[in-house]
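*Asks:* Sharing a structure here in structure tokens format.
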Amino acid sequence: MTMRKKVLWEKVLLAAGVLFLSASSALAEPELVVLPIDRAKFLAGQKFDMEVELRGAKAEEIKVLLDGKDAAGFFGATPVVKKEDALSSYRVDGVALTQPGAVKVEVEAKAGGKTFRKSVGYTVAAPEKKRAKNVILFIGDGMGLASRQIARILSKGITQGKYNGLLEMELLNDGLALLTTSGYDSLVTDSANAASAYATGHKSVVNAMGVYENSAPDPLVHPKVENIAELVKRAGGMSVGLVTTSNITDATPAAMVAHTRRRAELNFIAGEMLKADVVLGGGSQQFLPQSTPGSRRKDDRNLVEEFKAKGYAFAGNRAELAAAKGDKILGLFNLDNMNVYLDREILKHPDVLKDFVDQPNLMEMTKKAIDILSRNENGFFLMVEGACIDKQLHAMDWERSAYDTIEFDKAIGIAREFAAKDGSTLIMATADHSHGVSVTGTYHERDGKTGRHGVRTYANAVFPTFADADGDGFPDNPAPDVTLAVQYANHPDYYENFKFHDKPTSPAIMSGDVAVANVKRAPEGVFYPGNIPLDESSEVHAADDVPLSAAGPGADYFKGIMDNTEVFFGIVRALGLDPTKKR
């Protein structure tokens with residue numbers, strides 16, 4: 001989702017929170033909502049907030065029963081009950097279901113002479129025997145099957161129809177699954193609620209993480225669910241690491257530690273990063289006081305100094321990362337997202353890199369994170385994100401996305417080397433969602449044909465000529481004479497000449513509320529009319545299932561078609577986490 005689209009959506013949400021109270025009772029029958037939602041699954045002892053709302057009416061009475069017992073008595077907690085003209089609620093915070101099995105929730109509300117009833121069912125998973133000491137979760141943001149294949153073609157090559165090798169992630173074959181990706185509000189997810197499913201084992205909604213959506217306009221008061229960072233520390237005494245090539249407060253790393261209905265609460269999320277022991281990525285603009293040039297904070301809080309005061313080493317570039325000592329580290333290598341691999345490591349245009357010419361790569365960050373986290377005798381949880389796989393597909397720049405996919409894969413290789421020596425580490429590689437991208441053949445101009453006529457299909461699709469003379473796994477040239485013909489299923493108006501762009505660019509630009517094709521992106525290119533709403537200026541996510549591959553103790557959990565929330569349960573199962581017991 002583009003930043004402009006997110007801002008518009010957030011304005012709609014805030015407006016909805018205000019208008020709902022006055023308009024809902026007149027426009028619709030009152031609605032009884034139970035949070036968590038039906039078919040929610042919990043790890044026994046996992047903490048959460050439970051809330052019931054009667055939307056559109058003032059309740060005279062609200063009853064909540066769990067397995068026939070009043071909720072207050074069931075949880076041993078005092079509920080907070082609010083009764084307003086168009087919204088009534090019943091809420092208990094920080095509770096847990098401790099007995100494995102099924103739980104039936106029955107709710108009854110009375111208002112205006114009517115009785116409203118609803119029942120939902122929950123499942124509570126039992127803690128299991130510990131299998132792994134450490135878990136490393138690799139998330140290639142937006143990396144569907146096609147992204148894997150493109151990276152394999154470029155990195156390994158193909159000869160007479162057979163690939164010359166497999167990616168590191170494709171060698172994780174103790175567990176293989178396809179994950180469904182939808183949130184509970186929408187068929188197509190964004191990165192926030194997709195990553196939230198991995199972090200909590202619960203569905204959420206677009207732009208949210210670690211929460212269920214209630215009617216409150218304040219994004220920080222929605223019912224929370226305990227996330228993986230909180231659980232491994234509380235129940236396991238483990239260390240937590242977050243590594244990404246994006247702004248560290250972006251959706252995927254944020255979902256591992258934060259609870260908010262609005263993923264754009266970046267100032268708040270930056271503070272939540274103190275829940276992790278290793279924090280590496282971009283995004284210093286959220287950590288520096290507003291008086292600092294480039295800062296995006298709305299206050300004078302200096303989080304860099306706060307991290308240092310709590311014992312974190314700080315690194316602002318590759319050299320400082322390599323030299324850093326200690327058991328905790330904050331590394332911020334760009335004001336916002338880090339530059340992509342092609343621009344950072346190969347092309348190195350000064351006007352693209354600007355002041356950040358010494359950024360580490362994902363392999364270096366991953367190795368540093370493992371070196372630090374593995375000092376904890378209780379083990380660790382590490383999430384590593386190849387963030388710009390997604391961001392470059394939004395920009396319809398498959399080459400930059402592919403190089404970042406290869407970089408991501410090389411980082412998995414670092415983890416595999418560690419796991420081979422350690423013997424007690426579960427590694428998983430997956431995506432949070434997919435994109436509508438596909439390889440339809442190859443493209444070349446050897447015979448003088450250009451543009452659409454240069455796209456070769458079937459027998460004319462000769463093999464691409466990417467070369468890797470130095471054997472580092474990255475093609476020496478992103479623009480060989482025979483390249484891939486990559487097409488997109490969901491896009492704005494744009495021009496395409498099927499050639500590599502020397503600098504990052506956008507397929508469309510906004511003209512008022514309408515996205516207009518960026519003719520400078522592909523001079524004399526073919527015009528492709530868009531097939532998504534006119535206010536979308538970039539390619540958008542798809543609802544495709546995404547692959548997951550895993551290796552190590554606990555990897556056998558992953559098989560067949562699975563809901564994305566099951567990633568969480570595979571993690572806590574492997575680690576043998578039991579939050580019902582006091583440490």
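Residues are named by chain letter and number: chains run A, B, ... in the order of the structure tokens, numbers start at 1 in each chain, and ligands are numbered from 1 in the order shown.
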Could you find all residues in segment 80-161 of chain A that DSSP calls helix (DSSP H, G or I) from the backbone, and write them as a list of chain:residue names?

*Replies:*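 Output for segment 80-161 of chain A, helix (DSSP H, G or I) only: A:Leu145, A:Ala146, A:Ser147, A:Arg148, A:Gln149, A:Ile150, A:Ala151, A:Arg152, A:Ile153, A:Leu154, A:Ser155, A:Lys156.
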
*Asks:* What's the 6 Å shell around segment 218-230 of chain A, counting only C-alpha atoms, without same-chain residues fewer than 2 positions away, as a ChimeraX atom specification?

*Replies:* /A:47-49,199-200,210-214,216,232-233,257,260-262

*Asks:* Could you pull out the residues in segment 19-230 of chain A that DSSP calls strand (DSSP E) from the backbone, as an NGL selection string?

*Replies:* :A and (31-35 or 41-43 or 47-55 or 61-66 or 69-70 or 80-83 or 87-96 or 101-111 or 114-125 or 134-140 or 158-159 or 162-163 or 175-180)

*Asks:* For Ala550 of chain A, which of A:Ala44, A:Val352, A:Leu178, A:Ile37 is the closest residue, counting only C-alpha atoms?

*Replies:*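 Using only C-alpha atoms, the shortest distance to Ala550 of chain A belongs to A:Leu178.
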
*Asks:* For the interface of segment 135-254 of chain A with segment 119-128 of chain A (cut-off 12 Å, counting only C-alpha atoms), please tabulate each contacting residue of segment 135-254 of chain A alongside its nearest pair of atoms and their separation in Å to one decimal, rows sorted by chain and increasing number, as a Markdown table.

*Replies:*
```
| residue | atom | partner | partner_atom | distance |
| --- | --- | --- | --- | --- |
| A:Gly201 | CA | A:Ala125 | CA | 10.9 |
| A:His202 | CA | A:Tyr122 | CA | 11.2 |
| A:Ala235 | CA | A:Pro127 | CA | 11.0 |
```

*Asks:* For segment 302-317 of chain A, list every protein, DNA or RNA residue within 12 Å, evaluated using only C-alpha atoms, and leave out those in the same chain fewer than 4 positions away; present the list as JSON, numbers by chain.

*Replies:* {"A": [267, 268, 269, 270, 271, 272, 273, 274, 275, 276, 277, 278, 279, 280, 281, 282, 283, 284, 285, 286, 287, 288, 289, 290, 291, 292, 295, 296, 297, 298, 321, 322, 323, 324, 325, 326, 327, 328, 329, 330, 331, 332, 333, 334, 335, 338, 355, 356, 357, 358, 359, 360, 361, 364, 365, 368, 372]}

*Asks:* Excluding same-chain residues fewer than 6 positions from Pro475 of chain A, what lies within 7 Å of it counting only C-alpha atoms, as a PyMOL selection string?

*Replies:* chain A and resi 154-155+466-468

*Asks:* Fewer than 3 positions away in the same chain doesn't count, so skip those; otherwise give me all residues within 12 Å of Val188 of chain A, counting only C-alpha atoms, as a compact mmCIF listing (two decimals) with N, CA and C atoms, in the first residue's frame.

*Replies:*
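Produced file around-v2.txt, reproduced below:
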```
# COMPACT_ATOMS: atom_id res chain seq x y z
N MET A 1 0.84 -1.19 0.00
CA MET A 1 0.00 0.00 0.00
C MET A 1 0.88 1.24 0.00
N THR A 180 -1.94 -19.20 3.40
CA THR A 180 -2.96 -18.24 3.01
C THR A 180 -2.67 -16.92 3.72
N THR A 181 -3.09 -15.80 3.16
CA THR A 181 -2.57 -14.52 3.64
C THR A 181 -3.62 -13.49 4.05
N SER A 182 -4.89 -13.75 3.88
CA SER A 182 -5.91 -12.71 4.12
C SER A 182 -6.01 -12.33 5.59
N GLY A 183 -6.33 -11.05 5.85
CA GLY A 183 -6.71 -10.61 7.18
C GLY A 183 -8.19 -10.87 7.40
N TYR A 184 -8.72 -10.48 8.56
CA TYR A 184 -10.14 -10.78 8.81
C TYR A 184 -11.07 -9.72 8.25
N ASP A 185 -10.51 -8.66 7.65
CA ASP A 185 -11.36 -7.62 7.08
C ASP A 185 -11.29 -7.57 5.57
N SER A 191 1.24 -5.46 4.68
CA SER A 191 2.32 -6.08 5.44
C SER A 191 2.08 -6.05 6.94
N ALA A 192 1.34 -5.07 7.43
CA ALA A 192 1.14 -4.95 8.87
C ALA A 192 0.37 -6.13 9.43
N ASN A 193 -0.85 -6.37 8.91
CA ASN A 193 -1.62 -7.46 9.50
C ASN A 193 -1.11 -8.83 9.08
N ALA A 194 -0.39 -8.91 7.96
CA ALA A 194 0.23 -10.19 7.59
C ALA A 194 1.34 -10.55 8.58
N VAL A 205 -6.41 -6.54 10.86
CA VAL A 205 -7.01 -5.83 9.73
C VAL A 205 -5.95 -4.96 9.06
N VAL A 206 -6.25 -4.49 7.87
CA VAL A 206 -5.29 -3.68 7.11
C VAL A 206 -4.80 -2.50 7.93
N ASN A 207 -3.49 -2.32 7.96
CA ASN A 207 -2.80 -1.24 8.66
C ASN A 207 -2.65 -1.46 10.16
N ASP A 432 5.22 -12.36 3.42
CA ASP A 432 4.01 -11.95 4.11
C ASP A 432 2.82 -11.90 3.17
N HIS A 433 3.09 -11.66 1.90
CA HIS A 433 2.06 -11.61 0.86
C HIS A 433 2.76 -11.71 -0.49
N SER A 434 2.00 -11.66 -1.55
CA SER A 434 2.57 -11.78 -2.88
C SER A 434 2.24 -10.55 -3.72
N HIS A 435 2.75 -10.55 -4.95
CA HIS A 435 2.44 -9.54 -5.96
C HIS A 435 2.01 -10.25 -7.23
N GLY A 436 1.25 -9.55 -8.06
CA GLY A 436 0.79 -10.13 -9.31
C GLY A 436 1.84 -10.00 -10.41
N VAL A 540 0.10 -3.12 -6.93
CA VAL A 540 -0.45 -3.45 -5.62
C VAL A 540 -0.32 -4.94 -5.31
N HIS A 541 -0.58 -5.28 -4.05
CA HIS A 541 -0.47 -6.66 -3.58
C HIS A 541 -1.49 -7.58 -4.25
N ALA A 542 -1.20 -8.87 -4.21
CA ALA A 542 -2.12 -9.89 -4.69
C ALA A 542 -2.51 -10.81 -3.54
N ALA A 543 -3.59 -11.55 -3.72
CA ALA A 543 -4.09 -12.42 -2.66
C ALA A 543 -3.52 -13.83 -2.74
N ASP A 544 -2.51 -14.05 -3.57
CA ASP A 544 -1.94 -15.38 -3.75
C ASP A 544 -1.43 -15.98 -2.44
N ASP A 545 -1.52 -17.30 -2.34
CA ASP A 545 -0.82 -18.00 -1.27
C ASP A 545 0.68 -17.81 -1.46
```

*Asks:* Choose the residue, out of A:Thr425, A:Ser88, A:Thr465, A:Thr245, that has the smallest atom-to-atom separation from Gly157 of chain A; count only C-alpha atoms.

*Replies:* A:Thr465

*Asks:* Using only C-alpha atoms for the distances, tell me which of A:Val526, A:Ala489, A:Leu231, A:Val519 is nearest to His394 of chain A.

*Replies:*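 Closest to His394 of chain A of all the choices is A:Ala489.
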
*Asks:* Need the shell around Ser538 of chain A: protein/DNA/RNA residues with any atom at most 8 Å away, counting only C-alpha atoms. Skip same-chain ones fewer than 3 positions apart. Format as a count of residues only?

*Replies:* 9

*Asks:* Could you name the residues that touch Asp67 of chain A at 10 Å or less, counting only C-alpha atoms, but leaving out those on the same chain fewer than 6 positions away, as a PyMOL selection string?

*Replies:* chain A and resi 74+102-106+121

*Asks:* Output the selection as a compact mmCIF listing (two decimals), in the first residue's frame - C-alpha atoms for each residue.

*Replies:*
```
# COMPACT_ATOMS: atom_id res chain seq x y z
CA PHE A 74 -13.68 -16.93 34.63
CA ALA A 102 -12.15 -25.46 23.00
CA VAL A 103 -13.76 -22.44 24.67
CA LYS A 104 -17.28 -21.24 23.91
CA VAL A 105 -18.05 -17.54 24.35
CA GLU A 106 -21.70 -16.43 24.61
CA GLY A 121 -15.54 -20.28 19.68
```
